[in-house]
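Source file data.cif; content: mmCIF, C-alpha atoms and all ligand atoms.
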data_my_file
#
loop_
_atom_site.label_atom_id
_atom_site.label_comp_id
_atom_site.auth_asym_id
_atom_site.auth_seq_id
_atom_site.Cartn_x
_atom_site.Cartn_y
_atom_site.Cartn_z
CA MET A 1 -262.86 0.12 34.38
CA GLY A 2 -266.20 -1.34 35.46
CA ILE A 3 -266.10 -4.96 36.57
CA ALA A 4 -268.89 -7.36 35.60
CA LEU A 5 -269.61 -11.08 35.37
CA ILE A 6 -272.51 -13.11 33.99
CA ALA A 7 -273.05 -16.88 34.09
CA HIS A 8 -275.59 -19.34 32.70
CA GLY A 9 -276.72 -22.83 33.65
CA GLY A 10 -277.82 -23.97 30.19
CA ALA A 11 -280.51 -23.05 27.68
CA GLY A 12 -283.46 -25.37 27.25
CA LYS A 13 -286.39 -26.53 29.26
CA TRP A 14 -285.25 -26.54 32.85
CA ARG A 15 -286.53 -29.52 34.76
CA PRO A 16 -289.82 -28.68 36.46
CA GLY A 17 -289.77 -27.83 40.14
CA SER A 18 -286.10 -26.96 40.39
CA ASP A 19 -286.02 -23.27 39.36
CA ASP A 20 -285.02 -22.19 42.85
CA ASP A 21 -282.11 -24.67 42.91
CA ALA A 22 -280.98 -23.50 39.48
CA LEU A 23 -280.97 -19.84 40.52
CA ALA A 24 -279.42 -20.48 43.94
CA GLY A 25 -276.54 -22.41 42.37
CA LEU A 26 -275.91 -19.68 39.83
CA THR A 27 -276.07 -16.95 42.46
CA ALA A 28 -273.48 -18.75 44.60
CA ALA A 29 -271.25 -19.32 41.57
CA VAL A 30 -271.41 -15.67 40.48
CA GLU A 31 -270.71 -14.59 44.07
CA ALA A 32 -267.50 -16.62 43.92
CA GLY A 33 -266.48 -14.74 40.77
CA ARG A 34 -267.61 -11.38 42.17
CA ARG A 35 -265.40 -11.75 45.25
CA ILE A 36 -262.36 -12.24 43.01
CA LEU A 37 -263.15 -9.28 40.76
CA ALA A 38 -264.05 -6.99 43.66
CA ALA A 39 -260.67 -7.72 45.26
CA GLY A 40 -258.91 -6.65 42.03
CA GLY A 41 -258.45 -10.21 40.73
CA SER A 42 -258.44 -11.26 37.10
CA SER A 43 -261.41 -12.05 34.89
CA LEU A 44 -259.67 -15.38 34.12
CA ASP A 45 -259.65 -16.36 37.79
CA ALA A 46 -263.23 -15.12 38.19
CA VAL A 47 -264.75 -17.09 35.29
CA CYS A 48 -262.84 -20.22 36.30
CA ALA A 49 -264.05 -19.96 39.92
CA THR A 50 -267.62 -19.43 38.69
CA VAL A 51 -267.51 -22.43 36.36
CA VAL A 52 -265.82 -24.64 38.98
CA ALA A 53 -268.74 -23.90 41.35
CA LEU A 54 -271.20 -24.92 38.60
CA GLU A 55 -269.19 -28.03 37.66
CA ASP A 56 -269.21 -29.10 41.32
CA ASN A 57 -272.99 -28.64 41.58
CA PRO A 58 -274.59 -31.88 40.29
CA ILE A 59 -277.78 -30.22 39.03
CA TYR A 60 -275.92 -28.71 36.06
CA ASN A 61 -274.68 -30.58 33.01
CA ALA A 62 -270.96 -30.10 33.56
CA GLY A 63 -268.32 -31.81 35.71
CA THR A 64 -270.03 -33.86 38.42
CA GLY A 65 -273.57 -34.61 37.26
CA ALA A 66 -272.87 -34.28 33.54
CA VAL A 67 -275.11 -36.21 31.16
CA LEU A 68 -274.10 -39.60 29.75
CA ASN A 69 -273.44 -40.45 26.12
CA PHE A 70 -275.16 -43.23 24.14
CA ASP A 71 -272.94 -45.91 25.67
CA GLY A 72 -273.47 -44.67 29.22
CA PHE A 73 -270.33 -42.73 30.14
CA CYS A 74 -269.40 -39.05 30.31
CA GLU A 75 -267.34 -37.17 27.72
CA LEU A 76 -266.68 -33.70 29.10
CA ASP A 77 -265.79 -30.62 27.03
CA ALA A 78 -264.53 -27.25 28.25
CA CYS A 79 -262.83 -24.09 27.01
CA VAL A 80 -261.36 -20.99 28.59
CA MET A 81 -260.27 -17.87 26.70
CA GLU A 82 -258.75 -14.56 27.71
CA SER A 83 -258.61 -11.34 25.69
CA ARG A 84 -254.94 -10.77 26.49
CA GLU A 85 -253.05 -12.21 23.51
CA ALA A 86 -256.27 -14.07 22.55
CA ARG A 87 -255.12 -16.98 24.72
CA ALA A 88 -257.31 -20.08 24.73
CA GLY A 89 -257.21 -23.61 26.15
CA ALA A 90 -259.68 -26.45 25.70
CA VAL A 91 -260.33 -30.11 26.37
CA SER A 92 -262.82 -32.51 24.84
CA GLY A 93 -263.89 -36.04 25.62
CA LEU A 94 -262.53 -36.12 29.19
CA GLN A 95 -264.05 -39.10 30.99
CA ARG A 96 -262.69 -38.79 34.50
CA ALA A 97 -262.31 -35.19 35.61
CA LYS A 98 -263.82 -33.14 38.41
CA ASN A 99 -263.19 -29.74 36.85
CA PRO A 100 -262.58 -29.86 33.09
CA ILE A 101 -262.35 -26.04 33.02
CA LEU A 102 -259.18 -26.17 35.14
CA VAL A 103 -257.65 -28.76 32.82
CA ALA A 104 -258.51 -26.47 29.87
CA ARG A 105 -256.79 -23.61 31.68
CA LYS A 106 -253.66 -25.75 32.10
CA VAL A 107 -253.69 -26.48 28.36
CA MET A 108 -253.68 -22.71 27.81
CA GLU A 109 -251.03 -21.93 30.38
CA GLU A 110 -248.71 -24.94 30.22
CA THR A 111 -248.69 -26.09 26.59
CA ASP A 112 -248.19 -24.72 23.09
CA HIS A 113 -251.56 -26.15 22.08
CA VAL A 114 -255.15 -24.95 22.24
CA MET A 115 -257.09 -28.22 22.55
CA LEU A 116 -256.38 -31.71 23.86
CA THR A 117 -258.89 -34.51 23.40
CA GLY A 118 -259.79 -37.97 24.72
CA ASP A 119 -256.98 -40.11 26.15
CA GLY A 120 -254.42 -37.38 25.56
CA ALA A 121 -256.47 -34.88 27.56
CA GLN A 122 -256.92 -37.42 30.35
CA ARG A 123 -253.21 -38.18 30.46
CA PHE A 124 -252.37 -34.48 30.48
CA ALA A 125 -254.82 -33.92 33.38
CA ARG A 126 -253.02 -36.61 35.40
CA VAL A 127 -249.60 -35.13 34.60
CA MET A 128 -250.89 -31.75 35.78
CA GLY A 129 -251.88 -33.33 39.09
CA PHE A 130 -255.63 -33.63 38.68
CA PRO A 131 -256.80 -36.89 40.30
CA ASP A 132 -259.20 -39.11 38.37
CA HIS A 133 -262.80 -38.35 39.29
CA ASP A 134 -265.94 -40.22 38.24
CA PRO A 135 -268.45 -37.51 37.26
CA ILE A 136 -271.44 -39.87 37.00
CA THR A 137 -274.06 -39.34 39.70
CA PRO A 138 -276.72 -41.96 40.56
CA GLU A 139 -279.40 -39.52 39.36
CA ARG A 140 -277.79 -39.10 35.93
CA ARG A 141 -277.28 -42.87 35.64
CA ALA A 142 -280.98 -43.47 36.40
CA ASP A 143 -281.96 -40.72 33.97
CA TRP A 144 -279.78 -42.33 31.30
CA PHE A 145 -281.41 -45.75 31.79
CA ASP A 146 -284.86 -44.20 31.53
CA LYS A 147 -284.11 -42.14 28.43
CA ARG A 148 -282.07 -44.85 26.74
CA ASN A 149 -284.89 -47.35 27.15
CA ARG A 150 -287.50 -44.95 25.81
CA LEU A 151 -285.18 -43.95 22.97
CA ASP A 152 -284.97 -47.53 21.75
CA GLU A 153 -288.75 -47.55 21.48
CA VAL A 154 -288.74 -44.39 19.39
CA LEU A 155 -285.62 -44.65 17.26
CA GLY A 156 -284.30 -48.18 17.41
CA LYS A 157 -280.77 -49.02 18.47
CA HIS A 158 -278.83 -46.66 16.22
CA ALA A 159 -279.76 -43.12 17.15
CA LEU A 160 -277.46 -41.46 14.65
CA ARG A 161 -279.73 -38.56 13.77
CA MET A 162 -280.91 -36.98 16.97
CA ARG A 163 -281.86 -33.47 15.85
CA ARG A 164 -285.55 -33.99 15.14
CA PHE A 165 -285.89 -36.15 18.20
CA LEU A 166 -284.30 -33.51 20.44
CA GLN A 167 -286.54 -30.80 18.97
CA ASP A 168 -289.58 -32.91 19.80
CA HIS A 169 -288.22 -33.90 23.22
CA PRO A 170 -286.37 -30.89 24.66
CA GLU A 171 -286.18 -32.64 28.04
CA TYR A 172 -283.48 -34.89 26.47
CA ALA A 173 -281.19 -31.98 25.58
CA GLY A 174 -278.21 -31.48 27.87
CA GLY A 175 -277.30 -27.94 28.84
CA THR A 176 -274.00 -26.28 29.49
CA VAL A 177 -272.53 -23.88 32.02
CA GLY A 178 -270.55 -20.78 31.21
CA ALA A 179 -269.33 -17.43 32.46
CA ALA A 180 -268.03 -14.20 30.95
CA ALA A 181 -266.34 -11.35 32.82
CA VAL A 182 -264.38 -8.15 32.57
CA ASP A 183 -261.91 -7.18 35.30
CA SER A 184 -260.65 -3.85 36.65
CA HIS A 185 -257.82 -3.84 34.10
CA GLY A 186 -260.25 -4.20 31.20
CA VAL A 187 -259.21 -7.78 30.46
CA LEU A 188 -262.10 -10.01 29.34
CA ALA A 189 -262.41 -13.77 29.81
CA ALA A 190 -264.94 -16.49 29.09
CA ALA A 191 -265.21 -20.08 30.34
CA THR A 192 -267.62 -22.81 29.22
CA SER A 193 -268.01 -26.44 30.36
CA THR A 194 -270.44 -29.20 29.45
CA GLY A 195 -271.27 -32.88 29.31
CA GLY A 196 -272.75 -32.18 25.87
CA VAL A 197 -276.02 -33.63 24.65
CA THR A 198 -277.68 -36.56 26.40
CA LEU A 199 -277.21 -39.83 24.49
CA LYS A 200 -274.74 -38.23 22.09
CA MET A 201 -272.71 -40.56 19.90
CA VAL A 202 -269.44 -41.67 21.46
CA GLY A 203 -266.77 -39.26 20.24
CA ARG A 204 -269.15 -36.41 19.50
CA VAL A 205 -267.62 -33.01 20.23
CA GLY A 206 -269.91 -30.01 20.56
CA ASP A 207 -269.41 -26.27 20.43
CA SER A 208 -268.30 -25.65 24.01
CA PRO A 209 -264.57 -26.45 23.62
CA VAL A 210 -264.23 -24.62 20.29
CA PRO A 211 -263.05 -20.99 20.53
CA GLY A 212 -265.38 -18.74 18.55
CA ALA A 213 -268.21 -21.29 18.68
CA GLY A 214 -269.26 -22.00 22.28
CA ASN A 215 -266.74 -19.74 24.00
CA TYR A 216 -264.89 -16.57 23.01
CA ALA A 217 -263.08 -13.56 24.42
CA CYS A 218 -261.47 -10.61 22.66
CA ALA A 219 -260.74 -7.00 23.62
CA ARG A 220 -264.37 -5.93 23.08
CA VAL A 221 -266.51 -8.84 24.26
CA ALA A 222 -266.46 -12.16 26.12
CA ALA A 223 -269.26 -14.66 25.46
CA SER A 224 -270.47 -18.19 26.20
CA ALA A 225 -273.09 -20.11 24.22
CA THR A 226 -275.48 -22.86 25.28
CA GLY A 227 -277.92 -25.12 23.46
CA THR A 228 -277.48 -27.73 20.75
CA GLY A 229 -273.83 -27.36 19.87
CA GLU A 230 -274.05 -28.34 16.22
CA PHE A 231 -275.90 -25.08 15.46
CA VAL A 232 -273.39 -23.01 17.42
CA LEU A 233 -270.49 -24.70 15.64
CA ARG A 234 -272.00 -24.04 12.21
CA SER A 235 -272.61 -20.36 12.97
CA LEU A 236 -269.51 -19.66 15.14
CA ALA A 237 -271.99 -17.81 17.30
CA THR A 238 -269.78 -16.19 19.94
CA ARG A 239 -267.30 -14.92 17.34
CA ALA A 240 -270.25 -13.65 15.28
CA VAL A 241 -271.39 -11.58 18.28
CA ALA A 242 -267.88 -10.19 18.70
CA GLU A 243 -267.64 -9.21 15.02
CA ARG A 244 -270.85 -7.21 15.31
CA VAL A 245 -269.65 -5.46 18.47
CA GLU A 246 -266.35 -4.67 16.75
CA ARG A 247 -268.34 -3.08 13.90
CA GLY A 248 -270.03 -0.76 16.41
CA GLU A 249 -273.32 -2.50 17.19
CA SER A 250 -274.45 -2.67 20.81
CA LEU A 251 -273.87 -5.95 22.62
CA ALA A 252 -277.60 -6.64 23.04
CA ALA A 253 -278.34 -5.89 19.36
CA SER A 254 -275.44 -8.11 18.30
CA MET A 255 -276.66 -11.04 20.35
CA GLU A 256 -280.23 -10.61 19.14
CA ALA A 257 -279.08 -10.52 15.50
CA VAL A 258 -277.01 -13.69 15.91
CA LEU A 259 -279.89 -15.51 17.60
CA GLU A 260 -282.29 -14.28 14.92
CA GLY A 261 -280.01 -15.81 12.30
CA LEU A 262 -279.84 -19.08 14.24
CA GLY A 263 -283.62 -19.10 14.37
CA ARG A 264 -284.00 -18.36 10.68
CA ASP A 265 -281.38 -20.85 9.49
CA TYR A 266 -281.88 -23.72 11.92
CA ASP A 267 -284.73 -23.01 14.34
CA ALA A 268 -281.92 -23.50 16.85
CA ASP A 269 -282.40 -23.94 20.60
CA VAL A 270 -279.53 -21.66 21.57
CA GLY A 271 -278.78 -19.06 24.26
CA LEU A 272 -275.93 -16.61 24.79
CA ILE A 273 -274.44 -14.63 27.65
CA ALA A 274 -271.82 -11.94 27.22
CA VAL A 275 -270.14 -8.90 28.72
CA ASP A 276 -268.54 -6.06 26.81
CA ALA A 277 -265.48 -4.01 27.73
CA THR A 278 -267.66 -1.32 29.33
CA GLY A 279 -268.91 -3.83 31.91
CA MET A 280 -272.35 -4.47 30.43
CA PRO A 281 -273.68 -8.03 31.02
CA VAL A 282 -276.37 -9.31 28.62
CA ALA A 283 -278.32 -12.60 28.31
CA ARG A 284 -280.50 -13.65 25.35
CA HIS A 285 -281.96 -17.04 24.39
CA ARG A 286 -284.31 -18.79 21.97
CA THR A 287 -285.36 -21.43 24.50
CA ARG A 288 -288.04 -21.32 27.15
CA ASP A 289 -285.47 -21.13 29.97
CA MET A 290 -281.88 -20.12 30.46
CA PRO A 291 -281.12 -19.71 34.16
CA HIS A 292 -278.50 -17.01 34.54
CA ALA A 293 -277.04 -14.69 37.15
CA TRP A 294 -274.94 -11.57 36.92
CA PHE A 295 -273.56 -8.49 38.63
CA CYS A 296 -271.89 -5.30 37.47
CA GLY A 297 -269.92 -2.58 39.24
CA ASP A 298 -270.58 -2.64 42.96
CA GLY A 299 -274.13 -3.89 42.48
CA PRO A 300 -275.57 -7.11 43.97
CA VAL A 301 -275.85 -10.44 42.21
CA ALA A 302 -279.21 -10.92 40.44
CA ALA A 303 -280.57 -14.15 38.95
CA ARG A 304 -283.41 -15.04 36.54
CA MET A 305 -284.72 -18.09 34.71
CA ARG A 306 -285.46 -16.10 31.56
CA ALA A 307 -283.96 -12.96 30.07
N1 LIG A 401 -273.72 -26.73 23.90
C1 LIG A 401 -273.26 -27.92 24.42
C2 LIG A 401 -273.15 -29.00 23.44
O1 LIG A 401 -273.93 -29.06 22.50
O2 LIG A 401 -272.29 -29.82 23.58
#

Represent the structure contained in this file as structure tokens.
Amino acid sequence: MGIALIAHGGAGKWRPGSDDDALAGLTAAVEAGRRILAAGGSSLDAVCATVVALEDNPIYNAGTGAVLNFDGFCELDACVMESREARAGAVSGLQRAKNPILVARKVMEETDHVMLTGDGAQRFARVMGFPDHDPITPERRADWFDKRNRLDEVLGKHALRMRRFLQDHPEYAGGTVGAAAVDSHGVLAAATSTGGVTLKMVGRVGDSPVPGAGNYACARVAASATGTGEFVLRSLATRAVAERVERGESLAASMEAVLEGLGRDYDADVGLIAVDATGMPVARHRTRDMPHAWFCGDGPVAARMRA
């Protein structure tokens, strides 16, 4: 079977001047996954290693450097899924974790559940041996102060309906990281991790931790979504891609059809990455940017800001 892996650093309007950093971080992360797959390792290990590298890189909105919610703290969401037995694990609302994707993996491997949230997820992380970690960086804290102050001018104190505002101000949207891979045994896996949307309401859960919405893997396709999660949740976008592939459409056509629907129904700022069982990586997005990197077979890692 052909091995392949693709990863993204979030759909949206990437901050000006940092394209090279975005692509370098993704290239290094995909290299970490490539080494595992090339040595005969599993797609699950490969996507987790890729996402850990992105979570540890503070320029992306996941793990260390994640965006802050309306009250000024992080609530981290993540999901991992593997095609074997359709196994999935997820966490939402983690406040003190270095690598939410590894906690999600523990939920999958060590519990009977699929998702743990909030205090329960944090307690589980501690029981599993993950030390508390403050993901807030000084840059994100300063960014939060700036945006929060300007938001009060525009919306007043109770920013309960953010959609129009985020459409008008895409620089406020968060981003997400994710990876999808197929290994030499034909097993597919996907992993997705995010801080969610900047200034989100406390308790808001997006698409990333929800299997079939922001993250999905089955025998035919593994996919990760990025962009405003409410649209991805309402369309179950990654599962919608998989259904089209299962009906015989190509992966690229399936992703384009799902994004076309998201555009028609919501004018949604969404992007997708995916691989199919043949080892074909594909990226598509409705945003200006979606930094992504990929490799397939014994080829090199390539990276681009736009598909
Ligand atoms: N797609 C990430 C989020 O909306 O939370």

At what distance in Å, to one decimal, does atom CA of Ala217 of chain A lie from atom CA of Ala257 of chain A?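 It comes out at 18.6 Å.
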
List all protein, DNA and RNA residues that have an atom no more than 10 Å from any atom of ligand LIG 401 (chain A), counting all atoms listed in the file, and report them as a VMD selection string. chain A and resid 10 to 11 61 to 62 75 to 78 92 173 to 178 192 to 198 200 204 to 209 213 to 215 224 to 233 269 to 271

Quick one: distance from atom CA of Gln122 of chain A to atom CA of Leu94 of chain A in Å, one decimal? 5.9 Å

Please report, as a Markdown table, each residue of segment 219-305 of chain A lying at most 6 Å from segment 12-15 of chain A, together with the nearest pair of atoms and the separation in Å rounded to one decimal; use all atoms listed in the file, and order rows by chain and ascending residue number.
| residue | atom | partner | partner_atom | distance |
| --- | --- | --- | --- | --- |
| A:Thr287 | CA | A:Gly12 | CA | 5.2 |
| A:Arg288 | CA | A:Lys13 | CA | 5.9 |
| A:Asp289 | CA | A:Gly12 | CA | 5.4 |

Please provide the set of residues having any atom within 7 Å of segment 96-102 of chain A, restricted to all atoms listed in the file, with same-chain residues fewer than 5 positions apart removed, written as a list in words.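 Once the nearby chain positions are removed, what remains is Cys48, Val52, Glu55, Gly63, Thr64, Leu76, Asp77, Ala78, Cys79, Val80, Asp132, His133, Asp134, Pro135 and Ser193 of chain A.
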
Between A:Leu68, A:Met280, A:Ala307, A:Ala222, which is the closest to Arg239 of chain A once you count only C-alpha atoms? A:Ala222

Using all atoms listed in the file for the distances, tell me which of A:Lys106, A:Arg150, A:Arg304, A:Gly203 is nearest to Gly25 of chain A.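 Smallest distance to Gly25 of chain A is found for A:Arg304.
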
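Compared by their closest atoms to His8 of chain A, and using all atoms listed in the file, the residues A:Val282, A:Met255, A:Ala179, A:Ile59 rank with A:Ala179 nearest.
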
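Coordinates place atom CA of Glu85 of chain A at a distance of 19.8 Å from atom CA of Gly279 of chain A.
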
So, with only C-alpha atoms as the atoms that count, which of A:Ala190, A:Val241, A:Gly299, A:Trp294 lies closest to Ala32 of chain A?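 Between A:Ala190, A:Val241, A:Gly299, A:Trp294, the residue approaching Ala32 of chain A most closely is A:Trp294.
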
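Using only C-alpha atoms, the smallest distance between any of A:Glu256, A:Asp183, A:Glu246, A:Glu82 and Met108 of chain A comes from A:Glu82.
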
So that I can see what lies close to Gly297 of chain A, please list as a list in words the residues with an atom at most 10 Å from it, counting all atoms listed in the file and leaving out residues fewer than 6 positions away in the same chain.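 The residues satisfying every condition are Met1, Gly2, Ile3, Ala4, Leu5, Arg34, Leu37, Ala38, Ser184, Gly279 and Met280 of chain A.
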